[in-house]
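Text of final_37.pdb, listed as PDB, C-alpha atoms:
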```
ATOM      1  CA  MET A   1       0.175 -34.640  26.347
ATOM      2  CA  LYS A   2       1.443 -35.714  22.941
ATOM      3  CA  THR A   3      -0.815 -33.106  21.346
ATOM      4  CA  ILE A   4       0.946 -30.358  23.304
ATOM      5  CA  LEU A   5       4.309 -31.695  22.117
ATOM      6  CA  TYR A   6       3.209 -31.592  18.437
ATOM      7  CA  PHE A   7       1.765 -28.143  18.927
ATOM      8  CA  PHE A   8       5.058 -26.793  20.296
ATOM      9  CA  ILE A   9       7.066 -28.447  17.536
ATOM     10  CA  GLY A  10       4.735 -26.679  15.098
ATOM     11  CA  ILE A  11       5.228 -23.330  16.819
ATOM     12  CA  LEU A  12       9.013 -23.745  16.605
ATOM     13  CA  PHE A  13       8.661 -24.609  12.914
ATOM     14  CA  GLY A  14       6.405 -21.628  12.217
ATOM     15  CA  ILE A  15       8.660 -19.148  13.995
ATOM     16  CA  THR A  16      11.700 -20.570  12.208
ATOM     17  CA  LEU A  17      10.124 -20.348   8.750
ATOM     18  CA  PHE A  18       8.971 -16.780   9.300
ATOM     19  CA  LYS A  19      12.101 -15.429  10.978
ATOM     20  CA  SER A  20      14.531 -17.107   8.579
ATOM     21  CA  GLU A  21      12.480 -15.587   5.718
ATOM     22  CA  ALA A  22      11.945 -19.016   4.114
ATOM     23  CA  ALA A  23       8.238 -18.104   4.079
ATOM     24  CA  SER A  24       8.849 -14.936   2.055
ATOM     25  CA  TRP A  25       7.737 -14.860  -1.570
ATOM     26  CA  PHE A  26      10.741 -12.610  -2.279
ATOM     27  CA  ARG A  27      13.247 -15.181  -0.990
ATOM     28  CA  ILE A  28      11.804 -17.913  -3.200
ATOM     29  CA  TYR A  29      11.936 -15.614  -6.223
ATOM     30  CA  GLU A  30      15.558 -14.735  -5.405
ATOM     31  CA  MET A  31      16.422 -18.403  -4.920
ATOM     32  CA  PHE A  32      15.242 -19.342  -8.417
ATOM     33  CA  GLN A  33      17.211 -16.384  -9.766
ATOM     34  CA  PHE A  34      20.318 -17.849  -8.049
ATOM     35  CA  LYS A  35      21.099 -14.378  -6.708
ATOM     36  CA  SER A  36      21.485 -15.237  -3.044
ATOM     37  CA  PHE A  37      22.943 -18.034  -0.971
ATOM     38  CA  HIS A  38      20.325 -17.563   1.751
ATOM     39  CA  MET A  39      17.743 -20.228   0.769
ATOM     40  CA  TYR A  40      20.442 -22.662  -0.320
ATOM     41  CA  GLY A  41      22.098 -22.114   3.062
ATOM     42  CA  ILE A  42      18.851 -22.894   4.886
ATOM     43  CA  ILE A  43      17.986 -25.991   2.850
ATOM     44  CA  GLY A  44      21.630 -27.114   2.650
ATOM     45  CA  SER A  45      22.371 -26.816   6.369
ATOM     46  CA  ALA A  46      19.038 -28.421   7.292
ATOM     47  CA  LEU A  47      19.856 -31.242   4.899
ATOM     48  CA  CYS A  48      23.449 -31.783   6.129
ATOM     49  CA  LEU A  49      22.251 -32.007   9.726
ATOM     50  CA  GLY A  50      19.225 -34.010   8.563
ATOM     51  CA  ILE A  51      21.479 -36.625   6.957
ATOM     52  CA  ILE A  52      23.546 -36.922  10.146
ATOM     53  CA  ILE A  53      20.381 -37.185  12.260
ATOM     54  CA  THR A  54      18.592 -39.668  10.009
ATOM     55  CA  GLN A  55      21.594 -41.897   9.399
ATOM     56  CA  SER A  56      22.471 -41.867  13.133
ATOM     57  CA  ILE A  57      18.928 -42.915  14.008
ATOM     58  CA  LYS A  58      19.062 -45.736  11.461
ATOM     59  CA  ARG A  59      22.433 -46.990  12.695
ATOM     60  CA  THR A  60      21.851 -46.838  16.421
ATOM     61  CA  MET A  61      19.210 -48.291  18.715
ATOM     62  CA  ILE A  62      18.029 -44.856  19.764
ATOM     63  CA  LYS A  63      14.490 -44.927  21.163
ATOM     64  CA  SER A  64      11.663 -42.459  20.682
ATOM     65  CA  PHE A  65      10.441 -40.074  23.409
ATOM     66  CA  PHE A  66       7.901 -42.777  24.221
ATOM     67  CA  GLY A  67      10.445 -45.591  24.467
ATOM     68  CA  GLN A  68       9.734 -47.255  21.123
ATOM     69  CA  PRO A  69      12.343 -48.213  18.502
ATOM     70  CA  LEU A  70      12.427 -45.729  15.626
ATOM     71  CA  VAL A  71      11.507 -46.752  12.110
ATOM     72  CA  ILE A  72      12.082 -44.410   9.151
ATOM     73  CA  LYS A  73      10.140 -45.489   6.090
ATOM     74  CA  ASP A  74      11.484 -45.355   2.566
ATOM     75  CA  LYS A  75       9.769 -43.114   0.015
ATOM     76  CA  GLU A  76       7.753 -44.894  -2.653
ATOM     77  CA  LYS A  77       9.665 -45.024  -5.878
ATOM     78  CA  SER A  78       8.172 -44.168  -9.194
ATOM     79  CA  VAL A  79      10.377 -42.017 -11.384
ATOM     80  CA  LYS A  80       7.540 -40.557 -13.461
ATOM     81  CA  SER A  81       5.349 -39.403 -10.612
ATOM     82  CA  ASN A  82       8.255 -37.961  -8.622
ATOM     83  CA  LEU A  83       9.481 -36.049 -11.657
ATOM     84  CA  TYR A  84       6.168 -34.908 -13.196
ATOM     85  CA  GLY A  85       4.664 -34.119  -9.810
ATOM     86  CA  GLY A  86       7.853 -32.298  -8.870
ATOM     87  CA  VAL A  87       7.667 -30.121 -11.987
ATOM     88  CA  PHE A  88       4.020 -29.188 -11.293
ATOM     89  CA  PHE A  89       4.961 -28.385  -7.707
ATOM     90  CA  GLY A  90       7.954 -26.291  -8.787
ATOM     91  CA  LEU A  91       5.838 -24.252 -11.223
ATOM     92  CA  GLY A  92       3.435 -23.400  -8.420
ATOM     93  CA  TRP A  93       6.131 -22.823  -5.807
ATOM     94  CA  ALA A  94       7.951 -20.312  -7.987
ATOM     95  CA  LEU A  95       4.704 -18.501  -8.849
ATOM     96  CA  VAL A  96       3.176 -18.055  -5.399
ATOM     97  CA  GLY A  97       6.351 -18.517  -3.371
ATOM     98  CA  ALA A  98       4.790 -20.767  -0.768
ATOM     99  CA  CYS A  99       4.896 -24.486  -0.227
ATOM    100  CA  PRO A 100       2.461 -26.227   2.151
ATOM    101  CA  GLY A 101       4.317 -25.343   5.403
ATOM    102  CA  PRO A 102       4.650 -21.599   4.740
ATOM    103  CA  ILE A 103       0.991 -21.388   3.618
ATOM    104  CA  PHE A 104      -0.055 -21.885   7.249
ATOM    105  CA  VAL A 105       2.765 -19.739   8.658
ATOM    106  CA  LEU A 106       1.764 -16.816   6.416
ATOM    107  CA  LEU A 107      -1.876 -17.227   7.333
ATOM    108  CA  GLY A 108      -0.879 -16.874  10.989
ATOM    109  CA  ALA A 109       1.280 -13.869  10.114
ATOM    110  CA  GLY A 110      -1.826 -12.151   8.757
ATOM    111  CA  TYR A 111      -1.436 -12.397   4.974
ATOM    112  CA  PHE A 112      -5.039 -13.445   4.490
ATOM    113  CA  PRO A 113      -5.148 -13.757   0.679
ATOM    114  CA  ILE A 114      -3.086 -16.896   1.339
ATOM    115  CA  LEU A 115      -6.497 -18.463   2.091
ATOM    116  CA  VAL A 116      -7.122 -18.518  -1.663
ATOM    117  CA  LEU A 117      -3.876 -20.415  -2.054
ATOM    118  CA  LEU A 118      -4.796 -22.851   0.716
ATOM    119  CA  PHE A 119      -8.210 -23.502  -0.812
ATOM    120  CA  PHE A 120      -6.794 -24.213  -4.256
ATOM    121  CA  ALA A 121      -3.891 -26.271  -2.892
ATOM    122  CA  THR A 122      -6.453 -28.455  -1.136
ATOM    123  CA  LEU A 123      -8.484 -28.594  -4.343
ATOM    124  CA  GLY A 124      -5.342 -29.570  -6.276
ATOM    125  CA  THR A 125      -4.720 -32.404  -3.833
ATOM    126  CA  TYR A 126      -8.344 -33.496  -4.233
ATOM    127  CA  VAL A 127      -8.141 -33.454  -8.030
ATOM    128  CA  TYR A 128      -4.950 -35.517  -7.874
ATOM    129  CA  GLY A 129      -6.752 -38.087  -5.733
ATOM    130  CA  LYS A 130      -9.652 -38.117  -8.209
ATOM    131  CA  ILE A 131      -7.591 -38.638 -11.361
ATOM    132  CA  LYS A 132      -4.474 -40.379 -10.072
ATOM    133  CA  ASP A 133      -5.264 -43.662 -11.803
ATOM    134  CA  ARG A 134      -5.249 -41.890 -15.163
ATOM    135  CA  LEU A 135      -1.887 -40.188 -14.615
ATOM    136  CA  PRO A 136       1.478 -41.716 -15.537
ATOM    137  CA  HIS A 137       3.206 -43.145 -12.463
TER     138      HIS A 137
ATOM    139  CA  MET B   1      18.708 -10.349  22.594
ATOM    140  CA  ASN B   2      18.199  -7.885  19.769
ATOM    141  CA  TRP B   3      19.072 -10.537  17.205
ATOM    142  CA  ILE B   4      15.745 -12.217  17.870
ATOM    143  CA  PHE B   5      13.951  -9.254  16.305
ATOM    144  CA  GLU B   6      16.261  -9.121  13.284
ATOM    145  CA  PRO B   7      15.882 -11.536  10.350
ATOM    146  CA  TRP B   8      17.536 -14.837  11.232
ATOM    147  CA  PRO B   9      20.508 -15.915   9.094
ATOM    148  CA  TRP B  10      20.469 -19.203   7.198
ATOM    149  CA  TYR B  11      22.804 -20.860   9.721
ATOM    150  CA  ILE B  12      20.141 -20.387  12.399
ATOM    151  CA  GLY B  13      17.124 -21.240  10.215
ATOM    152  CA  GLY B  14      18.538 -24.398   8.625
ATOM    153  CA  PRO B  15      19.644 -26.088  11.859
ATOM    154  CA  LEU B  16      16.310 -25.230  13.514
ATOM    155  CA  ILE B  17      14.461 -26.931  10.648
ATOM    156  CA  ALA B  18      16.680 -29.990  11.193
ATOM    157  CA  LEU B  19      15.779 -29.794  14.896
ATOM    158  CA  VAL B  20      12.057 -29.794  13.998
ATOM    159  CA  MET B  21      12.605 -32.914  11.914
ATOM    160  CA  LEU B  22      14.548 -34.572  14.759
ATOM    161  CA  LEU B  23      11.816 -33.780  17.294
ATOM    162  CA  LEU B  24       9.164 -35.246  14.979
ATOM    163  CA  LEU B  25      11.215 -38.398  14.373
ATOM    164  CA  LEU B  26      11.736 -38.805  18.121
ATOM    165  CA  SER B  27       7.961 -38.431  18.504
ATOM    166  CA  GLU B  28       7.539 -41.404  16.107
ATOM    167  CA  LYS B  29       6.260 -39.089  13.357
ATOM    168  CA  LYS B  30       7.690 -37.690  10.164
ATOM    169  CA  PHE B  31       8.397 -34.243   8.835
ATOM    170  CA  GLY B  32       6.112 -33.650   5.846
ATOM    171  CA  MET B  33       3.641 -30.802   5.545
ATOM    172  CA  SER B  34       1.762 -31.478   2.299
ATOM    173  CA  SER B  35       0.189 -34.625   3.793
ATOM    174  CA  ASN B  36      -2.018 -32.215   5.714
ATOM    175  CA  LEU B  37      -3.786 -31.222   2.504
ATOM    176  CA  ARG B  38      -4.709 -34.860   1.904
ATOM    177  CA  THR B  39      -5.841 -35.146   5.518
ATOM    178  CA  ILE B  40      -8.048 -32.060   5.101
ATOM    179  CA  CYS B  41      -9.671 -33.642   2.017
ATOM    180  CA  ALA B  42     -10.235 -36.875   3.920
ATOM    181  CA  ALA B  43     -11.614 -35.042   6.956
ATOM    182  CA  LEU B  44     -14.047 -33.165   4.697
ATOM    183  CA  GLY B  45     -15.430 -36.504   3.509
ATOM    184  CA  ALA B  46     -13.621 -36.960   0.183
ATOM    185  CA  GLY B  47     -13.117 -40.618   1.086
ATOM    186  CA  LYS B  48     -16.782 -41.371   0.376
ATOM    187  CA  SER B  49     -16.307 -40.938  -3.361
ATOM    188  CA  THR B  50     -12.534 -41.304  -3.805
ATOM    189  CA  PRO B  51     -10.484 -44.273  -2.538
ATOM    190  CA  PHE B  52      -7.313 -42.114  -2.272
ATOM    191  CA  PHE B  53      -8.943 -40.270   0.632
ATOM    192  CA  ASP B  54     -10.592 -43.311   2.163
ATOM    193  CA  TYR B  55      -8.369 -43.949   5.158
ATOM    194  CA  ASN B  56      -8.483 -43.284   8.848
ATOM    195  CA  TRP B  57      -7.512 -39.634   8.708
ATOM    196  CA  LYS B  58      -7.758 -39.362  12.468
ATOM    197  CA  ASP B  59      -4.386 -41.131  12.641
ATOM    198  CA  GLN B  60      -2.979 -38.027  10.937
ATOM    199  CA  GLN B  61      -4.490 -35.531  13.349
ATOM    200  CA  TRP B  62      -1.075 -35.035  14.963
ATOM    201  CA  ASN B  63       0.111 -33.399  11.725
ATOM    202  CA  LEU B  64      -2.861 -31.011  11.726
ATOM    203  CA  VAL B  65      -1.766 -30.073  15.243
ATOM    204  CA  VAL B  66       1.764 -29.408  13.947
ATOM    205  CA  ILE B  67       0.462 -27.206  11.151
ATOM    206  CA  THR B  68      -1.820 -25.357  13.583
ATOM    207  CA  GLY B  69       1.274 -24.756  15.713
ATOM    208  CA  ALA B  70       3.063 -23.429  12.617
ATOM    209  CA  LEU B  71       0.186 -21.004  12.087
ATOM    210  CA  VAL B  72       0.465 -19.800  15.680
ATOM    211  CA  GLY B  73       4.257 -19.617  15.261
ATOM    212  CA  GLY B  74       3.773 -17.385  12.221
ATOM    213  CA  PHE B  75       1.491 -15.134  14.264
ATOM    214  CA  ILE B  76       3.978 -14.914  17.151
ATOM    215  CA  ALA B  77       6.962 -14.314  14.869
ATOM    216  CA  ALA B  78       5.233 -11.595  12.836
ATOM    217  CA  ASN B  79       3.647  -9.769  15.773
ATOM    218  CA  TYR B  80       6.003 -10.220  18.712
ATOM    219  CA  MET B  81       9.395 -11.166  17.299
ATOM    220  CA  SER B  82       9.914  -8.684  14.476
ATOM    221  CA  ASN B  83      10.558  -4.943  14.661
ATOM    222  CA  GLN B  84       9.772  -4.526  11.005
ATOM    223  CA  ALA B  85       9.904  -7.581   8.814
ATOM    224  CA  ILE B  86      11.777  -6.491   5.701
ATOM    225  CA  VAL B  87      13.523  -8.935   3.406
ATOM    226  CA  THR B  88      16.804  -7.551   2.092
ATOM    227  CA  LEU B  89      17.239  -8.741  -1.467
ATOM    228  CA  HIS B  90      20.000  -8.708  -4.042
ATOM    229  CA  PRO B  91      19.884  -5.310  -5.861
ATOM    230  CA  ASP B  92      19.460  -7.040  -9.237
ATOM    231  CA  VAL B  93      16.377  -8.837  -7.928
ATOM    232  CA  VAL B  94      14.948  -5.586  -6.555
ATOM    233  CA  SER B  95      15.287  -3.750  -9.862
ATOM    234  CA  GLN B  96      13.976  -6.747 -11.803
ATOM    235  CA  LEU B  97      10.878  -6.934  -9.578
ATOM    236  CA  HIS B  98      10.333  -3.172  -9.831
ATOM    237  CA  GLY B  99      10.268  -3.674 -13.591
ATOM    238  CA  MET B 100       7.540  -6.286 -13.112
ATOM    239  CA  GLY B 101       5.393  -3.898 -11.084
ATOM    240  CA  ILE B 102       6.338  -5.198  -7.648
ATOM    241  CA  GLN B 103       7.274  -1.855  -6.115
ATOM    242  CA  ASP B 104       7.844  -3.006  -2.534
ATOM    243  CA  ALA B 105      10.682  -5.436  -3.359
ATOM    244  CA  GLY B 106      13.409  -4.835  -0.778
ATOM    245  CA  LYS B 107      11.007  -2.927   1.482
ATOM    246  CA  ALA B 108       8.590  -5.602   2.664
ATOM    247  CA  TYR B 109       8.260  -9.233   3.753
ATOM    248  CA  MET B 110       5.664 -10.146   1.124
ATOM    249  CA  PRO B 111       4.639  -8.354  -2.068
ATOM    250  CA  GLU B 112       1.578  -6.186  -1.401
ATOM    251  CA  LYS B 113       0.492  -6.726  -4.991
ATOM    252  CA  LEU B 114      -0.116 -10.435  -4.375
ATOM    253  CA  PHE B 115      -0.823 -10.688  -0.652
ATOM    254  CA  GLY B 116      -2.221  -7.265   0.299
ATOM    255  CA  ASP B 117      -5.844  -6.287   0.925
ATOM    256  CA  THR B 118      -6.361  -5.307  -2.708
ATOM    257  CA  SER B 119      -5.812  -8.940  -3.783
ATOM    258  CA  TRP B 120      -9.388  -9.861  -2.877
ATOM    259  CA  THR B 121     -10.845  -7.614  -5.556
ATOM    260  CA  ASP B 122      -8.184  -8.111  -8.224
ATOM    261  CA  GLY B 123      -9.272 -10.910 -10.535
ATOM    262  CA  LYS B 124      -5.834 -11.330 -12.037
ATOM    263  CA  VAL B 125      -4.163 -11.683  -8.635
ATOM    264  CA  LEU B 126      -6.843 -14.113  -7.467
ATOM    265  CA  SER B 127      -6.212 -16.206 -10.594
ATOM    266  CA  ILE B 128      -2.460 -16.253  -9.887
ATOM    267  CA  LEU B 129      -3.016 -17.365  -6.293
ATOM    268  CA  ALA B 130      -5.523 -19.976  -7.446
ATOM    269  CA  LEU B 131      -3.277 -21.335 -10.195
ATOM    270  CA  GLY B 132      -0.175 -21.403  -7.976
ATOM    271  CA  GLY B 133      -2.074 -22.990  -5.103
ATOM    272  CA  PHE B 134      -3.568 -25.651  -7.352
ATOM    273  CA  LEU B 135      -0.156 -26.530  -8.818
ATOM    274  CA  VAL B 136       1.422 -26.741  -5.352
ATOM    275  CA  GLY B 137      -1.325 -29.005  -3.991
ATOM    276  CA  PHE B 138      -1.625 -31.175  -7.084
ATOM    277  CA  GLY B 139       2.139 -31.409  -7.642
ATOM    278  CA  ALA B 140       3.037 -32.173  -4.035
ATOM    279  CA  ARG B 141       0.653 -35.118  -3.890
ATOM    280  CA  TYR B 142       1.604 -36.378  -7.377
ATOM    281  CA  ALA B 143       5.295 -36.189  -6.396
ATOM    282  CA  GLY B 144       4.591 -37.791  -3.015
ATOM    283  CA  GLY B 145       5.808 -34.853  -0.957
ATOM    284  CA  CYS B 146       6.867 -31.218  -0.874
ATOM    285  CA  THR B 147       9.904 -29.305   0.323
ATOM    286  CA  SER B 148       9.749 -30.731   3.844
ATOM    287  CA  GLY B 149       8.895 -34.316   2.908
ATOM    288  CA  HIS B 150      11.222 -34.704  -0.057
ATOM    289  CA  ALA B 151      13.946 -32.009   0.047
ATOM    290  CA  ILE B 152      14.591 -32.339   3.795
ATOM    291  CA  SER B 153      13.196 -35.664   5.126
ATOM    292  CA  GLY B 154      13.582 -37.746   1.979
ATOM    293  CA  LEU B 155      17.036 -36.536   0.995
ATOM    294  CA  SER B 156      18.190 -36.901   4.619
ATOM    295  CA  ASN B 157      17.158 -40.535   4.309
ATOM    296  CA  LEU B 158      19.115 -40.729   1.010
ATOM    297  CA  GLN B 159      16.006 -41.554  -0.994
ATOM    298  CA  LEU B 160      16.356 -41.586  -4.786
ATOM    299  CA  PRO B 161      12.632 -40.727  -5.301
ATOM    300  CA  SER B 162      13.192 -37.571  -3.276
ATOM    301  CA  ALA B 163      16.229 -36.604  -5.335
ATOM    302  CA  ILE B 164      14.147 -37.015  -8.508
ATOM    303  CA  ALA B 165      11.314 -34.952  -7.004
ATOM    304  CA  VAL B 166      13.711 -32.166  -5.978
ATOM    305  CA  VAL B 167      15.115 -32.068  -9.519
ATOM    306  CA  GLY B 168      11.492 -31.708 -10.656
ATOM    307  CA  PHE B 169      10.897 -28.860  -8.149
ATOM    308  CA  PHE B 170      13.799 -26.935  -9.637
ATOM    309  CA  VAL B 171      12.951 -27.702 -13.259
ATOM    310  CA  GLY B 172       9.415 -26.380 -12.692
ATOM    311  CA  GLY B 173      10.626 -23.495 -10.544
ATOM    312  CA  ILE B 174      13.213 -22.329 -13.050
ATOM    313  CA  ILE B 175      10.740 -22.544 -15.945
ATOM    314  CA  MET B 176       8.214 -20.441 -14.011
ATOM    315  CA  ASN B 177      10.742 -17.970 -12.603
ATOM    316  CA  HIS B 178      12.731 -17.355 -15.768
ATOM    317  CA  PHE B 179      10.224 -17.783 -18.584
ATOM    318  CA  LEU B 180       6.618 -17.505 -17.404
ATOM    319  CA  ILE B 181       6.167 -15.316 -14.344
ATOM    320  CA  GLN B 182       6.821 -12.025 -16.139
ATOM    321  CA  PHE B 183       3.804 -12.690 -18.367
ATOM    322  CA  LEU B 184       1.567 -13.678 -15.471
ATOM    323  CA  LEU B 185       2.241 -10.939 -12.901
TER     324      LEU B 185
END
```
What is this file in structure tokens?
Amino acid sequence: MKTILYFFIGILFGITLFKSEAASWFRIYEMFQFKSFHMYGIIGSALCLGIIITQSIKRTMIKSFFGQPLVIKDKEKSVKSNLYGGVFFGLGWALVGACPGPIFVLLGAGYFPILVLLFFATLGTYVYGKIKDRLPH
Amino acid sequence: MNWIFEPWPWYIGGPLIALVMLLLLLSEKKFGMSSNLRTICAALGAGKSTPFFDYNWKDQQWNLVVITGALVGGFIAANYMSNQAIVTLHPDVVSQLHGMGIQDAGKAYMPEKLFGDTSWTDGKVLSILALGGFLVGFGARYAGGCTSGHAISGLSNLQLPSAIAVVGFFVGGIIMNHFLIQFLL
């Protein structure tokens, strides 16, 4: 039952990313050129509503679909890893125009060379796990 | 209902992404896609040799279901919800991309040069996809999240680490987009 719920949330997410063009390489290129409001509008409006949603959940006793109290965890803080990791991520994002969500959306949409991207993104994650203790955090 | 088949404006896309995050929170989960890459590594047995992947990945199966749904959503949107998926770009961007050999800028959803059938036999394109993919996967895990986990979920929760990561995303993105990509494509 829960699996079906997650599956439908994923479908909604995939349709949204494709139809709003957030999965398009062109839109990411244009965003970093600061030539269009489109991507900033998507991220900005999602974020404004996200803040209202998240802060409301934290300030009220709202329960989950399954009747449990909701807990939203803090992100682990380490300035170096957030910044250095962020820069690596940004370099890749601007080059191939896809972050982890859109990789799967584009695969479904039939852009099969994205499989190369998926393979190397998984490899990149693996290499991080292998060498993380030697990286500044 | 024709609007469904047209590209969706930002004020539809953004709120729907917030709705996805809300639905995941109400399901006692969180909105973060790059975790799936770690889960894939763990599911493939990386935990045997590397402690970072040595955890009960089956607890994260729900997120693999979400990402599978996103794949199906991409299929539905591209095949049944689009007349012709064309991204309309700023004219400056179109002419700039034409100058970089991307001839279908303004006429397609994705550049054929990078994501078309010819990519498989083009060593340079394969290297670009490999390099970009590696940086995305490595960087997301090093930063502790990607666009969904940091820029949407983390910032919504007013997390300083996420703000730092998003600054990093844009520093890296601007360096690549303004200074490097023209030499790579």
Contacts of Pro100 of chain A within 10 Å, only C-alpha atoms, excl. fewer than 4 positions in-chain, as number ranges by chain
A: 93, 104-105, 117-118, 121-122; B: 32-37, 67, 133, 136-137, 140, 145-148
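Remark: for Val79 of chain A, the closest of the candidate residues A:Ile4, A:His137, A:Ser36, A:Cys48 is A:His137 (distances computed over only C-alpha atoms).
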Fewer than 3 positions away in the same chain doesn't count, so skip those; otherwise give me all residues within 6 Å of segment 23-31 of chain A, counting only C-alpha atoms, as a ChimeraX atom specification.
/A:17-18,34-35,97,102 /B:109-110
So that I can see what lies close to Phe37 of chain A, please list as a list in words the residues with an atom at most 12 Å from it, counting all atoms listed in the file and leaving out residues fewer than 5 positions away in the same chain.
Arg27, Ile28, Glu30, Met31, Phe32, Ile42, Ile43, Gly44 and Ser45 of chain A; Pro9, Trp10, Tyr11, Leu89 and His90 of chain B
Provide the atom CA of Met21 of chain B to atom CA of Ser56 of chain A distance in Å, to one decimal place.
13.4 Å
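Counting all atoms listed in the file, segment 158-161 of chain B has the following residues at most 8 Å away, ignoring those fewer than 5 positions along the same chain: Ile51, Asp74, Lys75, Glu76, Lys77, Ser78, Val79 and Asn82 of chain A.
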Residues from the last selection, C-alpha atoms, saved as a short mmCIF file (atom, residue, chain, number, x, y, z; two decimals), in the frame of the given file:
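Printed below is out_17.cif as written:
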```
data_model
loop_
_atom_site.label_atom_id
_atom_site.label_comp_id
_atom_site.auth_asym_id
_atom_site.auth_seq_id
_atom_site.Cartn_x
_atom_site.Cartn_y
_atom_site.Cartn_z
CA ILE A 51 21.48 -36.62 6.96
CA ASP A 74 11.48 -45.36 2.57
CA LYS A 75 9.77 -43.11 0.02
CA GLU A 76 7.75 -44.89 -2.65
CA LYS A 77 9.66 -45.02 -5.88
CA SER A 78 8.17 -44.17 -9.19
CA VAL A 79 10.38 -42.02 -11.38
CA ASN A 82 8.26 -37.96 -8.62
#
```
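Residues matched by the PyMOL selection byres ((chain B and resi 40) around 10) in this file are Thr122, Thr125 and Tyr126 of chain A; Ser35, Asn36, Leu37, Arg38, Thr39, Cys41, Ala42, Ala43, Leu44, Gly45, Ala46, Phe53, Trp57, Gln60, Gln61 and Leu64 of chain B.
A straight line drawn from atom CA of Asp54 of chain B to atom CA of Val66 of chain B is 22.0 Å long.
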What is the distance between atom CA of Ala98 of chain A and atom CA of Pro51 of chain B, in Å to one decimal?
28.1 Å
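With all atoms listed in the file as the atoms that count, the residue of A:Ile57, A:Ile103, A:Gln68, A:Gly86 with the shortest distance to chain B is A:Gly86.
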Please report, as lines of an AutoDock Vina configuration file, the centre and edge lengths in Å to one decimal of an axis-aligned box covering all listed atoms of segment 117-125 of chain B with 8 Å per side.
```
center_x = -7.5
center_y = -8.5
center_z = -5.6
size_x = 22.7
size_y = 22.4
size_z = 29.0
```
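Closest approach to chain A among B:Val125, B:Val94, B:Met81, B:Leu135 is made by B:Leu135 (distances from all atoms listed in the file).
Nearest-residue note for His98 of chain B: choosing from B:Ile86, B:Leu185, B:Met1, B:Ile164, the minimum distance belongs to B:Leu185, counting all atoms listed in the file.
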Taking the file above as input, evaluate the PyMOL selection byres ((chain A and resi 71) around 9) and report the hits as a PyMOL selection string.
(chain A and resi 57-58+69-70+72-73) or (chain B and resi 25+28)
Long-range neighbours of Trp3 of chain B as a list in words, 12 Å cut-off, all atoms listed in the file, 2 positions minimum in chain
Lys19 and Ser20 of chain A; Met1, Phe5, Glu6, Pro7, Trp8, Pro9, Ile12, Met81, Ser82 and Asn83 of chain B
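Checking A:Met61, A:Ile131, A:Ile15, A:Leu5 one by one against chain B, counting only C-alpha atoms, you find the shortest gap at A:Ile15.
Using all atoms listed in the file, the nearest neighbour of chain A within the list B:Ala163, B:Ala70, B:Leu22, B:Ala85 is B:Ala70.
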